[in-house]
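Colleague: What follows is run_12.pdb, PDB, C-alpha atoms and all ligand atoms.
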```pdb
ATOM      1  CA  MET A 141     113.205  86.384 -12.354
ATOM      2  CA  ARG A 142     110.657  87.717 -14.806
ATOM      3  CA  ARG A 143     107.140  88.315 -13.588
ATOM      4  CA  PRO A 144     105.583  90.278 -16.433
ATOM      5  CA  GLU A 145     101.965  89.220 -16.029
ATOM      6  CA  PHE A 146     101.877  89.594 -12.296
ATOM      7  CA  LEU A 147     103.441  93.009 -12.341
ATOM      8  CA  THR A 148     101.499  94.534 -15.203
ATOM      9  CA  ALA A 149      98.596  95.633 -13.036
ATOM     10  CA  LEU A 150     100.881  97.079 -10.396
ATOM     11  CA  ALA A 151     103.016  98.967 -12.907
ATOM     12  CA  GLY A 152      99.964 100.549 -14.528
ATOM     13  CA  ALA A 153      98.604 101.614 -11.179
ATOM     14  CA  ALA A 154     101.941 103.005 -10.053
ATOM     15  CA  VAL A 155     101.973 105.316 -13.054
ATOM     16  CA  ALA A 156      98.552 106.544 -12.045
ATOM     17  CA  GLY A 157      99.836 107.242  -8.528
ATOM     18  CA  MET A 158      97.516 104.833  -6.758
ATOM     19  CA  SER A 159      98.158 103.449  -3.287
ATOM     20  CA  PRO A 160      98.690  99.682  -2.898
ATOM     21  CA  ARG A 161      95.269  99.450  -1.269
ATOM     22  CA  ALA A 162      93.676 101.185  -4.248
ATOM     23  CA  VAL A 163      95.566  98.897  -6.589
ATOM     24  CA  ALA A 164      94.096  95.876  -4.833
ATOM     25  CA  ALA A 165      90.615  97.345  -5.052
ATOM     26  CA  ALA A 166      91.021  98.174  -8.737
ATOM     27  CA  THR A 167      92.222  94.722  -9.755
ATOM     28  CA  PRO A 168      89.223  92.742 -10.939
ATOM     29  CA  ASN A 169      88.662  89.145  -9.918
ATOM     30  CA  PRO A 170      91.765  88.317  -7.909
ATOM     31  CA  THR A 171      92.511  84.730  -8.737
ATOM     32  CA  LYS A 172      94.151  81.976  -6.811
ATOM     33  CA  ARG A 173      96.421  79.908  -9.005
ATOM     34  CA  VAL A 174      97.076  76.354  -7.957
ATOM     35  CA  LEU A 175      99.298  73.966  -9.883
ATOM     36  CA  TRP A 176      98.763  70.228  -9.511
ATOM     37  CA  LEU A 177     102.010  68.375 -10.108
ATOM     38  CA  ARG A 178     103.744  65.095  -9.565
ATOM     39  CA  HIS A 179     107.294  64.115 -10.283
ATOM     40  CA  GLU A 180     107.464  60.817 -12.112
ATOM     41  CA  GLY A 181     109.484  59.246  -9.318
ATOM     42  CA  ASP A 182     107.326  60.539  -6.451
ATOM     43  CA  ALA A 183     104.424  58.689  -4.908
ATOM     44  CA  GLN A 184     102.512  61.798  -3.881
ATOM     45  CA  ASP A 185     101.010  64.692  -5.787
ATOM     46  CA  THR A 186     101.648  68.322  -4.931
ATOM     47  CA  LEU A 187      98.833  70.870  -4.989
ATOM     48  CA  ALA A 188     100.707  74.150  -4.916
ATOM     49  CA  PRO A 189      99.082  77.600  -4.741
ATOM     50  CA  PHE A 190     101.797  79.772  -6.311
ATOM     51  CA  CYS A 191      99.594  82.868  -6.436
ATOM     52  CA  VAL A 192      96.720  83.751  -4.120
ATOM     53  CA  ASP A 193      95.933  87.357  -5.087
ATOM     54  CA  GLY A 194      96.167  87.214  -8.888
ATOM     55  CA  ARG A 195      99.249  89.446  -8.897
ATOM     56  CA  THR A 196     102.145  88.298  -6.777
ATOM     57  CA  VAL A 197     104.026  85.083  -6.169
ATOM     58  CA  TYR A 198     102.934  83.133  -3.100
ATOM     59  CA  TRP A 199     106.253  81.769  -1.900
ATOM     60  CA  PRO A 200     105.245  78.630   0.031
ATOM     61  CA  GLY A 201     103.404  77.253  -3.017
ATOM     62  CA  TYR A 202     106.108  78.448  -5.399
ATOM     63  CA  ARG A 203     108.776  76.706  -3.331
ATOM     64  CA  SER A 204     106.877  73.423  -3.346
ATOM     65  CA  ILE A 205     106.697  73.594  -7.163
ATOM     66  CA  CYS A 206     110.459  74.190  -7.277
ATOM     67  CA  TRP A 207     110.880  71.180  -5.013
ATOM     68  CA  VAL A 208     108.892  68.904  -7.345
ATOM     69  CA  MET A 209     110.778  70.249 -10.368
ATOM     70  CA  ARG A 210     114.225  69.998  -8.802
ATOM     71  CA  ASP A 211     116.973  67.819 -10.252
ATOM     72  CA  HIS A 212     116.227  64.526  -8.491
ATOM     73  CA  ASN A 213     119.575  63.008  -9.435
ATOM     74  CA  VAL A 214     121.689  65.249  -7.231
ATOM     75  CA  ALA A 215     121.610  66.513  -3.646
ATOM     76  CA  ALA A 216     118.986  69.149  -2.893
ATOM     77  CA  VAL A 217     121.654  71.770  -2.308
ATOM     78  CA  GLN A 218     122.465  71.540  -6.035
ATOM     79  CA  GLY A 219     119.152  70.464  -7.491
ATOM     80  CA  PHE A 220     116.666  72.700  -5.670
ATOM     81  CA  VAL A 221     116.610  76.038  -7.512
ATOM     82  CA  ARG A 222     114.161  78.737  -8.506
ATOM     83  CA  ILE A 223     112.056  77.646 -11.454
ATOM     84  CA  ASP A 224     111.152  80.375 -13.954
ATOM     85  CA  ILE A 225     107.754  81.800 -12.965
ATOM     86  CA  VAL A 226     106.790  82.254 -16.639
ATOM     87  CA  LEU A 227     107.187  78.503 -17.124
ATOM     88  CA  ILE A 228     105.048  77.866 -14.046
ATOM     89  CA  GLU A 229     102.344  80.166 -15.373
ATOM     90  CA  ALA A 230     102.434  78.385 -18.726
ATOM     91  CA  LEU A 231     102.060  75.019 -16.988
ATOM     92  CA  TRP A 232      99.137  76.404 -15.005
ATOM     93  CA  GLU A 233      97.415  77.694 -18.134
ATOM     94  CA  ALA A 234      97.851  74.321 -19.785
ATOM     95  CA  GLN A 235      96.357  72.577 -16.765
ATOM     96  CA  GLN A 236      93.430  74.997 -16.679
ATOM     97  CA  THR A 237      92.758  74.303 -20.350
ATOM     98  CA  LEU A 238      92.780  70.568 -19.719
ATOM     99  CA  ALA A 239      90.369  71.102 -16.819
ATOM    100  CA  LEU A 240      88.005  72.998 -19.137
ATOM    101  CA  MET A 241      88.055  69.918 -21.344
ATOM    102  CA  GLY A 242      87.086  67.738 -18.396
ATOM    103  CA  MET A 243      90.575  66.412 -17.671
ATOM    104  CA  ARG A 244      91.466  67.269 -14.094
ATOM    105  CA  ARG A 245      94.726  65.466 -13.548
ATOM    106  CA  PRO A 246      98.223  66.271 -12.361
ATOM    107  CA  LEU A 247     100.982  67.120 -14.788
ATOM    108  CA  VAL A 248     103.555  64.383 -14.346
ATOM    109  CA  ILE A 249     107.010  65.916 -14.594
ATOM    110  CA  THR A 250     109.690  63.605 -15.946
ATOM    111  CA  SER A 251     112.384  66.289 -15.974
ATOM    112  CA  GLY A 252     112.454  69.849 -14.669
ATOM    113  CA  PHE A 253     115.634  71.618 -13.673
ATOM    114  CA  ARG A 254     118.804  69.781 -14.678
ATOM    115  CA  THR A 255     122.295  70.309 -13.393
ATOM    116  CA  LEU A 256     125.040  70.123 -15.984
ATOM    117  CA  GLN A 257     125.922  66.578 -14.954
ATOM    118  CA  THR A 258     122.317  65.386 -15.240
ATOM    119  CA  ASN A 259     121.883  67.098 -18.596
ATOM    120  CA  GLU A 260     125.022  65.457 -19.935
ATOM    121  CA  ALA A 261     123.706  62.083 -18.796
ATOM    122  CA  THR A 262     120.313  62.676 -20.425
ATOM    123  CA  GLU A 263     119.931  60.983 -23.773
ATOM    124  CA  GLY A 264     119.212  63.401 -26.599
ATOM    125  CA  ALA A 265     119.504  66.491 -24.374
ATOM    126  CA  ALA A 266     120.643  69.695 -26.023
ATOM    127  CA  ARG A 267     124.019  70.901 -24.820
ATOM    128  CA  ASN A 268     122.586  74.316 -23.960
ATOM    129  CA  SER A 269     119.199  72.978 -22.856
ATOM    130  CA  MET A 270     116.656  75.308 -21.266
ATOM    131  CA  HIS A 271     116.463  72.712 -18.466
ATOM    132  CA  LEU A 272     119.867  73.984 -17.331
ATOM    133  CA  TYR A 273     118.327  77.395 -16.668
ATOM    134  CA  ALA A 274     115.246  76.048 -14.841
ATOM    135  CA  LYS A 275     113.123  77.215 -17.756
ATOM    136  CA  ALA A 276     111.895  73.875 -19.107
ATOM    137  CA  ALA A 277     109.757  70.908 -18.141
ATOM    138  CA  ASP A 278     109.210  67.501 -19.733
ATOM    139  CA  MET A 279     105.850  66.028 -18.838
ATOM    140  CA  TYR A 280     102.924  63.774 -19.612
ATOM    141  CA  VAL A 281      99.381  63.497 -18.286
ATOM    142  CA  ASP A 282      97.827  60.110 -17.592
ATOM    143  CA  GLY A 283      94.995  59.402 -20.012
ATOM    144  CA  VAL A 284      95.971  62.229 -22.376
ATOM    145  CA  SER A 285      97.920  61.424 -25.534
ATOM    146  CA  THR A 286     101.147  63.312 -26.064
ATOM    147  CA  ARG A 287      99.639  64.685 -29.273
ATOM    148  CA  GLN A 288      96.623  66.066 -27.415
ATOM    149  CA  LEU A 289      98.802  67.445 -24.634
ATOM    150  CA  PHE A 290     101.047  69.112 -27.212
ATOM    151  CA  ASP A 291      98.034  70.719 -28.919
ATOM    152  CA  VAL A 292      96.519  71.953 -25.655
ATOM    153  CA  ILE A 293      99.745  73.563 -24.468
ATOM    154  CA  TRP A 294     100.506  75.022 -27.898
ATOM    155  CA  SER A 295      97.053  76.625 -27.933
ATOM    156  CA  ARG A 296      98.075  78.930 -25.075
ATOM    157  CA  SER A 297      99.833  82.098 -26.182
ATOM    158  CA  ILE A 298     102.055  82.068 -23.084
ATOM    159  CA  SER A 299     103.697  78.815 -24.219
ATOM    160  CA  GLY A 300     107.257  79.199 -25.498
ATOM    161  CA  GLY A 301     109.291  76.391 -27.029
ATOM    162  CA  MET A 302     107.646  72.999 -27.396
ATOM    163  CA  GLY A 303     109.046  69.622 -28.287
ATOM    164  CA  TYR A 304     106.942  66.614 -29.222
ATOM    165  CA  TYR A 305     108.280  63.198 -28.185
ATOM    166  CA  ASP A 306     106.811  59.710 -28.130
ATOM    167  CA  ASP A 307     106.190  59.616 -24.394
ATOM    168  CA  HIS A 308     106.292  63.260 -23.265
ATOM    169  CA  VAL A 309     106.181  66.860 -24.338
ATOM    170  CA  HIS A 310     108.785  69.492 -23.579
ATOM    171  CA  LEU A 311     107.746  73.035 -22.693
ATOM    172  CA  ASP A 312     110.088  75.926 -22.029
ATOM    173  CA  SER A 313     109.750  79.653 -21.479
ATOM    174  CA  GLY A 314     112.037  80.586 -24.362
ATOM    175  CA  SER A 315     110.862  81.965 -27.694
ATOM    176  CA  ARG A 316     107.790  80.424 -29.281
ATOM    177  CA  ARG A 317     108.924  77.557 -31.508
ATOM    178  CA  TRP A 318     108.318  73.838 -31.859
ATOM    179  CA  TRP A 319     110.036  70.679 -32.992
ATOM    180  CA  VAL A 320     109.470  66.963 -33.183
ATOM    181  CA  GLY A 321     111.866  64.826 -31.200
ATOM    182  CA  GLU A 322     113.590  61.824 -32.632
ATOM    183  CA  LEU A 323     111.000  59.377 -33.911
ATOM    184  CA  ASP A 324     111.035  55.753 -32.875
ATOM    185  CA  VAL A 325     112.099  54.194 -36.163
ATOM    186  CA  PRO A 326     112.870  50.498 -36.326
ATOM    187  CA  VAL A 327     116.552  49.650 -36.278
ATOM    188  CA  PHE A 328     117.521  47.039 -38.844
ATOM    189  CA  SER A 329     119.312  44.091 -37.384
ATOM    190  CA  ARG A 330     122.901  43.251 -38.046
ATOM    191  CA  GLN A 331     121.989  40.389 -40.323
ATOM    192  CA  PHE A 332     122.009  42.908 -43.184
ATOM    193  CA  ASP A 333     125.632  43.776 -42.529
ATOM    194  CA  ALA A 334     128.198  42.320 -44.867
TER     195      ALA A 334
HETATM  196 ZN    ZN B 401     112.899  68.901 -22.211
END
```
Kindly return the structure encoded in the file as structure tokens.

Modeller:
Amino acid sequence: MRRPEFLTALAGAAVAGMSPRAVAAATPNPTKRVLWLRHEGDAQDTLAPFCVDGRTVYWPGYRSICWVMRDHNVAAVQGFVRIDIVLIEALWEAQQTLALMGMRRPLVITSGFRTLQTNEATEGAARNSMHLYAKAADMYVDGVSTRQLFDVIWSRSISGGMGYYDDHVHLDSGSRRWWVGELDVPVFSRQFDA
């Protein structure tokens, strides 16, 4: 698991030969990071503190995020895996940005981690989807258009790949790139067939 942001401060301090206590003292403004999530099929929201000192992963909160983002179509033993922490940080940054704009609402996850069987059953899913590696989330936010949500997430430098769809946006922790999903174009009826 990659934890570049969290470990940067520690790595710098280690080079300088500081004790862990000194590292803590030297780190300005320790921040608690809480992600507010809901899975589309769940009735309840999850408020998960995945970091409480600004540097390291807080496992109880991290695990509850992984639980929300599990593959809901299979048993937990298959569907409950570690979600990429970089993706979680990117989701958190997006939510913070929305909050700055006055929109304090949960991210509604429609698809997080996918097992191979779920991915194959998902319409339009890429064969080698980042969802298979627990590095992608599809989501929407009530009261926020998908266009606005796309723009907000794209505005954060931590965001990787982004897909724009009619009813959700896709975010993954891969390289920074974007695409527009299949557009809803009208299908002509069979009366035009010969
Ligand atoms: Zn997706």

Colleague: Please, which residues have at least one atom within 9 Å of an atom of ligand ZN 401 (chain B), using all atoms listed in the file, listed as a list in words?

Modeller: Thr250, Ser251, Gly252, Ala265, Ala266, Ser269, Met270, His271, Ala276, Ala277, Asp278, Met279, Met302, Gly303, His308, Val309, His310, Leu311 and Asp312 of chain A

Colleague: Keeping only C-alpha atoms, write the selected residues to a file as an mmCIF file, in the frame of the given file.

Modeller:
```cif
data_model
loop_
_atom_site.group_PDB
_atom_site.id
_atom_site.type_symbol
_atom_site.label_atom_id
_atom_site.label_comp_id
_atom_site.auth_asym_id
_atom_site.auth_seq_id
_atom_site.Cartn_x
_atom_site.Cartn_y
_atom_site.Cartn_z
ATOM 1 C CA THR A 250 109.690 63.605 -15.946
ATOM 2 C CA SER A 251 112.384 66.289 -15.974
ATOM 3 C CA GLY A 252 112.454 69.849 -14.669
ATOM 4 C CA ALA A 265 119.504 66.491 -24.374
ATOM 5 C CA ALA A 266 120.643 69.695 -26.023
ATOM 6 C CA SER A 269 119.199 72.978 -22.856
ATOM 7 C CA MET A 270 116.656 75.308 -21.266
ATOM 8 C CA HIS A 271 116.463 72.712 -18.466
ATOM 9 C CA ALA A 276 111.895 73.875 -19.107
ATOM 10 C CA ALA A 277 109.757 70.908 -18.141
ATOM 11 C CA ASP A 278 109.210 67.501 -19.733
ATOM 12 C CA MET A 279 105.850 66.028 -18.838
ATOM 13 C CA MET A 302 107.646 72.999 -27.396
ATOM 14 C CA GLY A 303 109.046 69.622 -28.287
ATOM 15 C CA HIS A 308 106.292 63.260 -23.265
ATOM 16 C CA VAL A 309 106.181 66.860 -24.338
ATOM 17 C CA HIS A 310 108.785 69.492 -23.579
ATOM 18 C CA LEU A 311 107.746 73.035 -22.693
ATOM 19 C CA ASP A 312 110.088 75.926 -22.029
#
```

Colleague: How would you write, as a PyMOL selection string, the residues chosen by the PyMOL selection byres (((chain A and resi 287-293) around 10) and not hetatm) on this structure?

Modeller: chain A and resi 230-238+241+279-281+284-286+294-300+302-311+318

Colleague: Using the chain letters and residue numbers of this document, give as a list in words the residues selected by the PyMOL selection byres (((chain A and resi 182) around 10) and not hetatm).

Modeller: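 Applied to this file, the PyMOL selection byres (((chain A and resi 182) around 10) and not hetatm) returns Arg178, His179, Glu180, Gly181, Ala183, Gln184, Asp185, Thr186, Val208, His212, Val248 and Ile249 of chain A.
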
Colleague: One decimal, Å: what's the distance from CA of Val226 in chain A over to CA of Glu263 in chain A, could you say?

Modeller: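 Taking CA of Val226 in chain A and CA of Glu263 in chain A, their separation equals 26.0 Å.
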
Colleague: Considering all atoms listed in the file, return as a list in words whatever protein or nucleic-acid residues lie within 9 Å of Ser204 in chain A, sequence-local ones (same chain, fewer than 2 positions apart) excluded.

Modeller: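 What passes the distance filter is Thr186, Leu187, Ala188, Pro189, Phe190, Trp199, Pro200, Gly201, Tyr202, Cys206, Trp207, Val208 and Met209 of chain A.
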
Colleague: So how far away is CA of Gly301 in chain A from CA of Arg316 in chain A, in Å?

Modeller: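 Between CA of Arg316 in chain A and CA of Gly301 in chain A the gap is 4.9 Å.
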
Colleague: Find, counting all atoms listed in the file, the residue in A:Arg244, A:Lys275, A:Arg195, A:Lys172 that gets nearest to Arg222 in chain A.

Modeller: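 For Arg222 in chain A, the nearest of the candidates is A:Lys275.
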
Colleague: Taking all atoms of range 255-274 of chain A that the file lists and extending 6 Å past them on each side, where is the centre of the axis-aligned box and how long are its edges? Answer in Å to one decimal, as lines of an AutoDock Vina configuration file.

Modeller:
```
center_x = 120.6
center_y = 69.2
center_z = -20.0
size_x = 22.7
size_y = 28.4
size_z = 25.2
```

Colleague: Near Thr255 in chain A, within 12 Å and counting all atoms listed in the file, which residues show up once chain neighbours fewer than 6 positions away are dropped, as an mmCIF file with C-alpha atoms, in the coordinates of the input?

Modeller:
```cif
data_model
loop_
_atom_site.group_PDB
_atom_site.id
_atom_site.type_symbol
_atom_site.label_atom_id
_atom_site.label_comp_id
_atom_site.auth_asym_id
_atom_site.auth_seq_id
_atom_site.Cartn_x
_atom_site.Cartn_y
_atom_site.Cartn_z
ATOM 1 C CA MET A 209 110.778 70.249 -10.368
ATOM 2 C CA ARG A 210 114.225 69.998 -8.802
ATOM 3 C CA ASP A 211 116.973 67.819 -10.252
ATOM 4 C CA HIS A 212 116.227 64.526 -8.491
ATOM 5 C CA ASN A 213 119.575 63.008 -9.435
ATOM 6 C CA VAL A 214 121.689 65.249 -7.231
ATOM 7 C CA ALA A 215 121.610 66.513 -3.646
ATOM 8 C CA ALA A 216 118.986 69.149 -2.893
ATOM 9 C CA VAL A 217 121.654 71.770 -2.308
ATOM 10 C CA GLN A 218 122.465 71.540 -6.035
ATOM 11 C CA GLY A 219 119.152 70.464 -7.491
ATOM 12 C CA PHE A 220 116.666 72.700 -5.670
ATOM 13 C CA VAL A 221 116.610 76.038 -7.512
ATOM 14 C CA ALA A 261 123.706 62.083 -18.796
ATOM 15 C CA THR A 262 120.313 62.676 -20.425
ATOM 16 C CA ALA A 265 119.504 66.491 -24.374
ATOM 17 C CA ARG A 267 124.019 70.901 -24.820
ATOM 18 C CA ASN A 268 122.586 74.316 -23.960
ATOM 19 C CA SER A 269 119.199 72.978 -22.856
ATOM 20 C CA MET A 270 116.656 75.308 -21.266
ATOM 21 C CA HIS A 271 116.463 72.712 -18.466
ATOM 22 C CA LEU A 272 119.867 73.984 -17.331
ATOM 23 C CA TYR A 273 118.327 77.395 -16.668
ATOM 24 C CA ALA A 274 115.246 76.048 -14.841
#
```

Colleague: Here is a test: counting only C-alpha atoms, which residue of A:Ile225, A:Leu256, A:Leu240, A:Leu247 is nearest to Arg203 in chain A?

Modeller: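 Using only C-alpha atoms, Arg203 in chain A sits closest to A:Ile225.
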
Colleague: Looking at A:Glu229, A:Glu322, A:Glu260, A:Asp224, which one is nearest to Gly194 in chain A, with distances taken over all atoms listed in the file?

Modeller: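 Ranked by minimum distance to Gly194 in chain A, first place goes to A:Glu229.
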
Colleague: Name the closest residue to Ile228 in chain A among the candidates A:Asn259, A:Val174, A:Asp193, A:Gly242; distances are taken between atoms, counting all atoms listed in the file.

Modeller: A:Val174

Colleague: Give me, please, the distance in Å between CA of Ser315 in chain A and CA of Phe253 in chain A, quoted to one decimal.

Modeller: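 So the two atoms, CA of Ser315 in chain A and CA of Phe253 in chain A, lie 18.1 Å apart.
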